[in-house]
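Structure record follows, encoded as structure tokens.
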Amino acid sequence: MKKQKKRMKVVSPVMTLGLFVLAVALLLGSSIGGTRAALTYYSETYTSRIQMYDIGVTLLENDKAISWRNYSSAGDETWDIQPGELLKEMLAEGEALALGKKYQEDLKVRNTGTINEYVRVSIYKYWLDEDGKKLRDLSPDLIRLNLVNLGTDWIVDEEAGTDERTVLYYNKLLYAEGQGLSETAPFADSLIIDDSIAKKVSQETETNGNYTTITTTYDYDGVSFRIEVEVDAVQEHNAEDAVWSAWGRRVTVNDGTLSLME
């Protein structure tokens, strides 16, 4: 005789929402040293010319500014960094995350500095267990952040990509406010947690006399997912050298359009 029992954690809607918001906390940190290097890479003559200017970027989620980084080289070098949280308002109060449901997630970048700039976005997706350790056996592809405007506005840097990370370059110059287009086209428009994750199970069979017990454990039981977005910018002047200095990537800029070198 066989009997089967299934184990699945039951969490209240309120706890589900709380865990979900925590899981997608955004830290807009990036490499401060890298961006500063782009500003101080050139001669003392050029450095003195930019003392009065600021470079800054803001991440927009569904047209709301949620995180920003601004750098000022006037007088003492200072940073204004404001981290935020992605998906914080995606779920209504008391609503549980639904597998397979499409949620609006419109992401783009705004130039909030006073000089024209080129921007780069790095997106990280991964899973964590209950102890906060990365899970390598759950694919980041199950976190389906739908990327848009690829090839027309945003360029995917295949050389920098991994299973967890996607690196995008905006191929157009992003102007300071009042000087031209200061916002990028969206690089994402929706988010779905693939419902195929619900089919990922592990089974253990235990025989005791005439009885066989099959224990089925859902692989996603107790896990959480993370999405992180980092935004960087370099100034327009000598952009090819600035990108190489700050990000270690060879690019070409022709008539304001940025292209990656193979």
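So you can find residues: chains in the structure tokens are A, B, ... in the order shown, residues in each start at 1, and ligands are numbered from 1 in order.
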
Find the spatial neighbours of Lys133 in chain A, counting only C-alpha atoms, within a cut-off of 12 Å - ignore same-chain residues fewer than 3 positions away - and output them as a ChimeraX atom specification. /A:126-130,136-137,222-226

Which residues come within 6 Å of Ser182 in chain A, counting only C-alpha atoms, excluding same-chain residues fewer than 3 positions away, as a list in words? Arg110, Asn111, Leu174, Tyr175, Ala176 and Glu177 of chain A

Return as a Markdown table the residues of range 92-112 of chain A lying at most 10 Å from range 54-71 of chain A, together with the closest atom-to-atom pair for each and the distance in Å to one decimal, counting only C-alpha atoms, with rows in chain order and ascending residue number.
```
| residue | atom | partner | partner_atom | distance |
| --- | --- | --- | --- | --- |
| A:Gln104 | CA | A:Asn62 | CA | 7.7 |
| A:Glu105 | CA | A:Asn62 | CA | 6.3 |
| A:Asp106 | CA | A:Asn62 | CA | 4.8 |
| A:Leu107 | CA | A:Glu61 | CA | 4.8 |
| A:Lys108 | CA | A:Leu60 | CA | 5.3 |
| A:Val109 | CA | A:Leu59 | CA | 4.8 |
| A:Arg110 | CA | A:Thr58 | CA | 5.2 |
| A:Asn111 | CA | A:Val57 | CA | 4.9 |
| A:Thr112 | CA | A:Gly56 | CA | 4.9 |
```

Go ahead and write the selection's residues with N, CA and C atoms as a JSON list (two decimals), in the first residue's frame.
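Here's the written file result.json:
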```
[["chain", "number", "residue", "atom", "x", "y", "z"],
["A", 104, "GLN", "N", 2.95, 45.31, -14.36],
["A", 104, "GLN", "CA", 3.60, 46.42, -15.05],
["A", 104, "GLN", "C", 4.90, 46.78, -14.34],
["A", 105, "GLU", "N", 5.97, 46.89, -15.11],
["A", 105, "GLU", "CA", 7.27, 47.25, -14.56],
["A", 105, "GLU", "C", 8.04, 48.03, -15.62],
["A", 106, "ASP", "N", 7.65, 49.29, -15.76],
["A", 106, "ASP", "CA", 8.23, 50.17, -16.75],
["A", 106, "ASP", "C", 9.46, 50.83, -16.13],
["A", 107, "LEU", "N", 10.64, 50.52, -16.66],
["A", 107, "LEU", "CA", 11.89, 51.03, -16.11],
["A", 107, "LEU", "C", 12.65, 51.84, -17.15],
["A", 108, "LYS", "N", 13.12, 53.01, -16.75],
["A", 108, "LYS", "CA", 13.94, 53.84, -17.62],
["A", 108, "LYS", "C", 14.82, 54.75, -16.77],
["A", 109, "VAL", "N", 15.65, 55.55, -17.43],
["A", 109, "VAL", "CA", 16.65, 56.37, -16.74],
["A", 109, "VAL", "C", 16.48, 57.82, -17.15],
["A", 110, "ARG", "N", 16.67, 58.72, -16.19],
["A", 110, "ARG", "CA", 16.61, 60.16, -16.45],
["A", 110, "ARG", "C", 17.95, 60.80, -16.09],
["A", 111, "ASN", "N", 18.39, 61.72, -16.92],
["A", 111, "ASN", "CA", 19.59, 62.51, -16.62],
["A", 111, "ASN", "C", 19.18, 63.61, -15.64],
["A", 112, "THR", "N", 19.68, 63.52, -14.42],
["A", 112, "THR", "CA", 19.38, 64.54, -13.40],
["A", 112, "THR", "C", 20.61, 65.38, -13.08]]
```

Excluding same-chain residues fewer than 4 positions from Thr162 in chain A, what lies within 12 Å of it counting only C-alpha atoms, as JSON, numbers by chain? {"A": [122, 123, 124, 125, 126, 139, 140, 141, 156, 157, 158, 166, 167]}

Return as a ChimeraX atom specification the full set of residues in range 177-208 of chain A whose backbone-based DSSP assignment is helix (DSSP H, G or I). /A:195-199
